[in-house]
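Inspection log for the structure reproduced underneath, given as structure tokens.
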Amino acid sequence: MPPPSDIAGVILAGGRGRRMGGVVKALLPLAGLSLLDHALERLGGQVSLIGISANDPGIVSARPILTDAHDDRRGPLAGLLAGMVWATAQGGINRIVSVPVDCPFLPRDLVAALSHTATAMGAQVVVAASGSVEHPTVALWDLTLIDALCAVVEAGTDLSVRRFYQRHAVAICAFGGQGIDPFFNINTPGDLARAEDACRMAKDLEAVVARDADEGHADRLGLANGK
């Protein structure tokens, strides 16, 4: 099935990587590929276009690089806004799917599932969840939200992704199954080592109880059912 023509993907790669020692996480190697390459491979084929929200000049790609409008890096919402502005300019795009660059195990049916939920629920935002934990930066966003998002980013006083989408028509799309949490993200060297183990062994690792994933402080490695 061809990808939906009205949905573009935005990979959020603007983080500072503080817990990784300040490295550019998008360029970290995992199983022979950079984290950015993993994100592109997972999202490719699911959307019609992909842009990369990034502020580091070391990130180079054949895909469009979308920089924040503010030099003070206002977090994921600023990257999301850059993605919306870019997608709007493409023509024919009505929604974007955002994913963090440090989630190498994203579901291959992510976009289809989020889109189905949006249609069924009449939602402007659909947020992915696993093990009852919401993942605010893994979401489908209607471009009708661009003005509201711009106002929040310009104000710069409350940049919570969760609080932004809670003010709009939001639905949650749960992803289950066994194995590694599909939204496990790499925040520390230990996380990267465990992801390497997962890629090498291709089997379940020890479950770690999920924590709140808001504002980039996402889950540790765990099973998709959160046990």
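Identifiers in this document derive from the order of the structure tokens: chains are assigned A, B, ..., residues are numbered from 1 separately in each chain, and ligands are numbered from 1 in order of occurrence.
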>> If DSSP is run on the backbone, what residues of segment 91-223 of chain A are strand (DSSP E or B)? A reply as an MDAnalysis selection string would be ideal.
In response: chainID A and resid 95:100 125:130 133:142 170:174 180 223
> What's the 9 Å shell around Leu81 of chain A, counting only C-alpha atoms, without same-chain residues fewer than 2 positions away, as number ranges by chain?
Replying inline: A: 68-69, 76-79, 83-86, 146, 149-150, 153
So that I have them on file, write out the residues from the current selection with C-alpha atoms, as a compact mmCIF listing (two decimals), in the first residue's frame.
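Now in part-v7.txt:
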# COMPACT_ATOMS: atom_id res chain seq x y z
CA ASP A 68 14.25 26.46 14.58
CA ALA A 69 13.22 30.10 14.15
CA PRO A 76 10.41 19.90 20.69
CA LEU A 77 7.56 22.36 20.10
CA ALA A 78 9.93 24.63 18.18
CA GLY A 79 11.05 21.68 16.07
CA GLY A 83 8.13 20.97 10.58
CA MET A 84 4.65 22.42 10.19
CA VAL A 85 5.94 25.50 8.40
CA TRP A 86 7.92 23.33 5.99
CA ILE A 146 0.01 25.80 13.18
CA LEU A 149 1.53 26.28 17.99
CA CYS A 150 3.24 29.40 16.67
CA VAL A 153 6.46 28.92 20.73
>> What does the structure give for the distance between atom CA of Leu30 of chain A and atom CA of Ala195 of chain A, in Å to one decimal?
In response: 7.5 Å
Need to verify the contact set: Gly75 of chain A, 10 Å, only C-alpha atoms, exclusion of same-chain residues closer than 2 positions in sequence. Can you return it as a JSON list (two decimals) with N, CA and C atoms, in the first residue's frame?
[["chain", "number", "residue", "atom", "x", "y", "z"],
["A", 12, "LEU", "N", 12.58, 14.73, 14.75],
["A", 12, "LEU", "CA", 13.04, 15.74, 15.70],
["A", 12, "LEU", "C", 14.45, 15.41, 16.16],
["A", 14, "GLY", "N", 16.80, 17.99, 17.22],
["A", 14, "GLY", "CA", 17.38, 19.24, 17.69],
["A", 14, "GLY", "C", 17.85, 19.22, 19.12],
["A", 15, "GLY", "N", 17.79, 18.07, 19.79],
["A", 15, "GLY", "CA", 18.20, 18.00, 21.19],
["A", 15, "GLY", "C", 19.69, 18.20, 21.38],
["A", 16, "ARG", "N", 20.07, 18.55, 22.61],
["A", 16, "ARG", "CA", 21.48, 18.84, 22.92],
["A", 16, "ARG", "C", 22.26, 17.60, 23.36],
["A", 68, "ASP", "N", 15.19, 25.69, 13.76],
["A", 68, "ASP", "CA", 14.25, 26.46, 14.58],
["A", 68, "ASP", "C", 14.34, 27.94, 14.22],
["A", 72, "ASP", "N", 17.51, 30.31, 20.75],
["A", 72, "ASP", "CA", 17.62, 29.79, 22.12],
["A", 72, "ASP", "C", 17.04, 28.38, 22.26],
["A", 73, "ARG", "N", 16.76, 27.73, 21.15],
["A", 73, "ARG", "CA", 16.30, 26.33, 21.17],
["A", 73, "ARG", "C", 15.16, 26.12, 22.16],
["A", 77, "LEU", "N", 8.63, 21.58, 20.74],
["A", 77, "LEU", "CA", 7.56, 22.36, 20.10],
["A", 77, "LEU", "C", 8.11, 23.26, 19.01],
["A", 78, "ALA", "N", 9.32, 23.80, 19.21],
["A", 78, "ALA", "CA", 9.93, 24.63, 18.18],
["A", 78, "ALA", "C", 10.27, 23.80, 16.95],
["A", 79, "GLY", "N", 10.77, 22.57, 17.19],
["A", 79, "GLY", "CA", 11.05, 21.68, 16.07],
["A", 79, "GLY", "C", 9.79, 21.28, 15.35],
["A", 80, "LEU", "N", 8.74, 21.06, 16.11],
["A", 80, "LEU", "CA", 7.46, 20.71, 15.52],
["A", 80, "LEU", "C", 6.93, 21.87, 14.67],
["A", 153, "VAL", "N", 5.00, 28.87, 20.88],
["A", 153, "VAL", "CA", 6.46, 28.92, 20.73],
["A", 153, "VAL", "C", 6.96, 30.35, 20.82],
["A", 156, "GLY", "N", 6.99, 31.39, 24.46],
["A", 156, "GLY", "CA", 8.13, 30.75, 25.11],
["A", 156, "GLY", "C", 8.00, 30.55, 26.60],
["A", 159, "LEU", "N", 6.38, 25.49, 27.23],
["A", 159, "LEU", "CA", 6.76, 24.73, 26.05],
["A", 159, "LEU", "C", 6.57, 23.23, 26.23],
["A", 160, "SER", "N", 5.62, 22.86, 27.07],
["A", 160, "SER", "CA", 5.30, 21.44, 27.27],
["A", 160, "SER", "C", 4.53, 20.90, 26.08],
["A", 161, "VAL", "N", 5.04, 19.85, 25.48],
["A", 161, "VAL", "CA", 4.33, 19.22, 24.37],
["A", 161, "VAL", "C", 2.99, 18.69, 24.85],
["A", 215, "GLU", "N", 8.64, 15.89, 27.19],
["A", 215, "GLU", "CA", 9.76, 16.81, 26.97],
["A", 215, "GLU", "C", 11.08, 16.11, 26.72],
["A", 216, "GLY", "N", 11.04, 14.97, 26.08],
["A", 216, "GLY", "CA", 12.28, 14.31, 25.70],
["A", 216, "GLY", "C", 12.84, 13.41, 26.78]]
> Between A:Ala39, A:Leu192, A:Ile186, A:Val10, which has the minimum distance to Arg108 of chain A (counting only C-alpha atoms)?
Replying inline: A:Ala39
> If you count only C-alpha atoms, which residues fall within 10 Å of Ala54 of chain A, apart from same-chain ones fewer than 3 positions away, as a ChimeraX atom specification?
Replying inline: /A:11-15,24,26,51,57-60,64-68,79,82,101
Using only N, CA and C atoms, please write the residues we just selected to a file, as a compact mmCIF listing (two decimals), in the first residue's frame.
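selection-v8.txt, written as the output of this step:
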# COMPACT_ATOMS: atom_id res chain seq x y z
N ILE A 11 11.42 14.33 11.58
CA ILE A 11 12.29 13.71 12.57
C ILE A 11 12.86 14.80 13.46
N LEU A 12 12.58 14.73 14.75
CA LEU A 12 13.04 15.74 15.70
C LEU A 12 14.45 15.41 16.16
N ALA A 13 15.41 16.18 15.69
CA ALA A 13 16.82 15.91 15.97
C ALA A 13 17.54 17.15 16.51
N GLY A 14 16.80 17.99 17.22
CA GLY A 14 17.38 19.24 17.69
C GLY A 14 17.85 19.22 19.12
N GLY A 15 17.79 18.07 19.79
CA GLY A 15 18.20 18.00 21.19
C GLY A 15 19.69 18.20 21.38
N VAL A 24 26.11 14.90 19.36
CA VAL A 24 24.96 15.01 18.46
C VAL A 24 24.36 13.62 18.34
N ALA A 26 21.91 12.39 16.75
CA ALA A 26 21.52 11.95 15.41
C ALA A 26 22.65 11.21 14.71
N GLY A 51 11.17 15.51 6.54
CA GLY A 51 12.08 16.61 6.87
C GLY A 51 12.75 16.33 8.20
N PRO A 57 25.05 22.08 12.75
CA PRO A 57 25.55 22.08 11.37
C PRO A 57 26.20 20.77 10.95
N GLY A 58 26.50 19.89 11.92
CA GLY A 58 27.11 18.62 11.58
C GLY A 58 26.13 17.62 11.00
N ILE A 59 24.83 17.92 11.11
CA ILE A 59 23.81 17.02 10.57
C ILE A 59 23.56 17.39 9.11
N VAL A 60 23.97 16.50 8.23
CA VAL A 60 23.84 16.73 6.79
C VAL A 60 23.05 15.57 6.20
N PRO A 64 15.43 17.52 3.56
CA PRO A 64 15.44 18.91 4.04
C PRO A 64 15.80 19.01 5.51
N ILE A 65 16.69 19.94 5.85
CA ILE A 65 17.04 20.23 7.23
C ILE A 65 16.26 21.46 7.66
N LEU A 66 15.48 21.33 8.72
CA LEU A 66 14.59 22.38 9.17
C LEU A 66 15.11 22.94 10.49
N THR A 67 15.52 24.19 10.49
CA THR A 67 16.08 24.80 11.70
C THR A 67 15.01 25.60 12.44
N ASP A 68 15.19 25.69 13.76
CA ASP A 68 14.25 26.46 14.58
C ASP A 68 14.34 27.94 14.22
N GLY A 79 10.77 22.57 17.19
CA GLY A 79 11.05 21.68 16.07
C GLY A 79 9.79 21.28 15.35
N ALA A 82 8.74 24.18 13.15
CA ALA A 82 9.55 24.22 11.93
C ALA A 82 9.05 23.18 10.93
N VAL A 101 14.63 11.43 16.93
CA VAL A 101 15.70 10.78 16.19
C VAL A 101 16.30 9.62 16.97
Show me, as an mmCIF file with C-alpha atoms, in the first residue's frame, the residues that have an atom within 8 Å of Leu35 of chain A when counting only C-alpha atoms, minus same-chain residues fewer than 2 positions from it.
data_model
loop_
_atom_site.group_PDB
_atom_site.id
_atom_site.type_symbol
_atom_site.label_atom_id
_atom_site.label_comp_id
_atom_site.auth_asym_id
_atom_site.auth_seq_id
_atom_site.Cartn_x
_atom_site.Cartn_y
_atom_site.Cartn_z
ATOM 1 C CA LYS A 25 22.663 12.051 19.029
ATOM 2 C CA ALA A 26 21.520 11.949 15.412
ATOM 3 C CA LEU A 27 25.051 10.936 14.411
ATOM 4 C CA LEU A 28 25.583 8.259 17.064
ATOM 5 C CA PRO A 29 26.319 4.843 15.513
ATOM 6 C CA LEU A 30 24.031 1.910 16.221
ATOM 7 C CA LEU A 33 24.064 3.044 11.012
ATOM 8 C CA ASP A 37 19.636 6.647 9.384
ATOM 9 C CA HIS A 38 17.628 4.304 11.611
ATOM 10 C CA ALA A 39 14.855 6.897 11.920
ATOM 11 C CA VAL A 101 15.703 10.778 16.186
ATOM 12 C CA ASP A 102 16.735 8.575 19.108
ATOM 13 C CA CYS A 103 13.937 5.975 18.775
ATOM 14 C CA PRO A 104 15.456 3.266 16.557
#
>> Using DSSP assignments from the backbone, pull out every residue in segment 6-125 of chain A that falls under helix (DSSP H, G or I) and give it to me as a ChimeraX atom specification.
In response: /A:18-20,25-27,35-43,76-90,110-121
Output for the residues just chosen: N, CA and C atoms as a compact mmCIF listing (two decimals), in the first residue's frame:
# COMPACT_ATOMS: atom_id res chain seq x y z
N ARG A 18 22.57 16.12 26.27
CA ARG A 18 23.34 16.37 27.50
C ARG A 18 23.70 15.07 28.23
N ARG A 19 22.74 14.14 28.29
CA ARG A 19 23.01 12.91 29.03
C ARG A 19 23.90 11.95 28.25
N MET A 20 24.22 12.31 27.02
CA MET A 20 25.19 11.54 26.24
C MET A 20 26.53 12.28 26.18
N LYS A 25 23.22 13.40 18.98
CA LYS A 25 22.66 12.05 19.03
C LYS A 25 22.30 11.52 17.65
N ALA A 26 21.91 12.39 16.75
CA ALA A 26 21.52 11.95 15.41
C ALA A 26 22.65 11.21 14.71
N LEU A 27 23.89 11.53 15.08
CA LEU A 27 25.05 10.94 14.41
C LEU A 27 25.63 9.74 15.16
N LEU A 35 21.86 6.98 14.21
CA LEU A 35 20.47 7.02 14.69
C LEU A 35 19.57 7.73 13.68
N LEU A 36 20.10 8.73 13.01
CA LEU A 36 19.30 9.40 11.97
C LEU A 36 18.96 8.44 10.85
N ASP A 37 19.91 7.63 10.44
CA ASP A 37 19.64 6.65 9.38
C ASP A 37 18.59 5.63 9.82
N HIS A 38 18.64 5.22 11.10
CA HIS A 38 17.63 4.30 11.61
C HIS A 38 16.24 4.94 11.54
N ALA A 39 16.15 6.21 11.95
CA ALA A 39 14.85 6.90 11.92
C ALA A 39 14.34 7.03 10.49
N LEU A 40 15.24 7.36 9.57
CA LEU A 40 14.84 7.48 8.17
C LEU A 40 14.38 6.15 7.61
N GLU A 41 15.07 5.08 7.99
CA GLU A 41 14.70 3.76 7.49
C GLU A 41 13.34 3.32 8.04
N ARG A 42 13.09 3.61 9.30
CA ARG A 42 11.82 3.22 9.91
C ARG A 42 10.66 4.02 9.35
N LEU A 43 10.88 5.31 9.12
CA LEU A 43 9.80 6.18 8.66
C LEU A 43 9.62 6.15 7.15
N PRO A 76 11.13 20.65 21.73
CA PRO A 76 10.41 19.90 20.69
C PRO A 76 9.31 20.69 20.00
N LEU A 77 8.63 21.58 20.74
CA LEU A 77 7.56 22.36 20.10
C LEU A 77 8.11 23.26 19.01
N ALA A 78 9.32 23.80 19.21
CA ALA A 78 9.93 24.63 18.18
C ALA A 78 10.27 23.80 16.95
N GLY A 79 10.77 22.57 17.19
CA GLY A 79 11.05 21.68 16.07
C GLY A 79 9.79 21.28 15.35
N LEU A 80 8.74 21.06 16.11
CA LEU A 80 7.46 20.71 15.52
C LEU A 80 6.93 21.87 14.67
N LEU A 81 7.08 23.09 15.16
CA LEU A 81 6.64 24.26 14.39
C LEU A 81 7.42 24.38 13.09
N ALA A 82 8.74 24.18 13.15
CA ALA A 82 9.55 24.22 11.93
C ALA A 82 9.05 23.18 10.93
N GLY A 83 8.66 22.01 11.44
CA GLY A 83 8.13 20.97 10.58
C GLY A 83 6.81 21.36 9.96
N MET A 84 5.94 21.99 10.72
CA MET A 84 4.65 22.42 10.19
C MET A 84 4.81 23.50 9.12
N VAL A 85 5.70 24.44 9.38
CA VAL A 85 5.94 25.50 8.40
C VAL A 85 6.45 24.90 7.09
N TRP A 86 7.40 24.00 7.19
CA TRP A 86 7.92 23.33 5.99
C TRP A 86 6.85 22.53 5.27
N ALA A 87 6.07 21.75 6.02
CA ALA A 87 5.05 20.90 5.40
C ALA A 87 3.98 21.73 4.72
N THR A 88 3.60 22.84 5.33
CA THR A 88 2.59 23.71 4.74
C THR A 88 3.04 24.23 3.38
N ALA A 89 4.34 24.52 3.27
CA ALA A 89 4.88 25.06 2.02
C ALA A 89 4.96 24.03 0.90
N GLN A 90 4.83 22.76 1.23
CA GLN A 90 4.95 21.71 0.21
C GLN A 90 3.70 21.61 -0.66
N LEU A 110 3.39 2.62 12.16
CA LEU A 110 3.12 3.78 13.02
C LEU A 110 2.15 4.75 12.37
N VAL A 111 2.46 5.18 11.16
CA VAL A 111 1.66 6.22 10.50
C VAL A 111 0.26 5.70 10.20
N ALA A 112 0.16 4.49 9.71
CA ALA A 112 -1.15 3.91 9.40
C ALA A 112 -2.03 3.85 10.64
N ALA A 113 -1.45 3.42 11.76
CA ALA A 113 -2.23 3.30 12.99
C ALA A 113 -2.65 4.67 13.52
N LEU A 114 -1.74 5.64 13.51
CA LEU A 114 -2.08 6.98 13.98
C LEU A 114 -3.15 7.61 13.10
N SER A 115 -3.01 7.44 11.78
CA SER A 115 -3.97 8.01 10.84
C SER A 115 -5.35 7.38 11.02
N HIS A 116 -5.39 6.07 11.22
CA HIS A 116 -6.67 5.39 11.43
C HIS A 116 -7.36 5.93 12.68
N THR A 117 -6.60 6.12 13.75
CA THR A 117 -7.17 6.64 14.99
C THR A 117 -7.68 8.06 14.80
N ALA A 118 -6.93 8.89 14.06
CA ALA A 118 -7.36 10.27 13.82
C ALA A 118 -8.70 10.30 13.11
N THR A 119 -8.86 9.45 12.10
CA THR A 119 -10.11 9.39 11.36
C THR A 119 -11.26 8.89 12.22
N ALA A 120 -10.99 7.84 12.97
CA ALA A 120 -12.03 7.23 13.80
C ALA A 120 -12.49 8.15 14.92
N MET A 121 -11.56 8.94 15.47
CA MET A 121 -11.86 9.76 16.64
C MET A 121 -12.08 11.23 16.31
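You can rank A:Ala148, A:Leu106, A:Ile93, A:Ile172 by their closest distance to Val125 of chain A using only C-alpha atoms, and at the top of that list sits A:Ile172.
Here atom CA of Arg162 of chain A is placed at a distance of 24.3 Å from atom CA of Asp6 of chain A.
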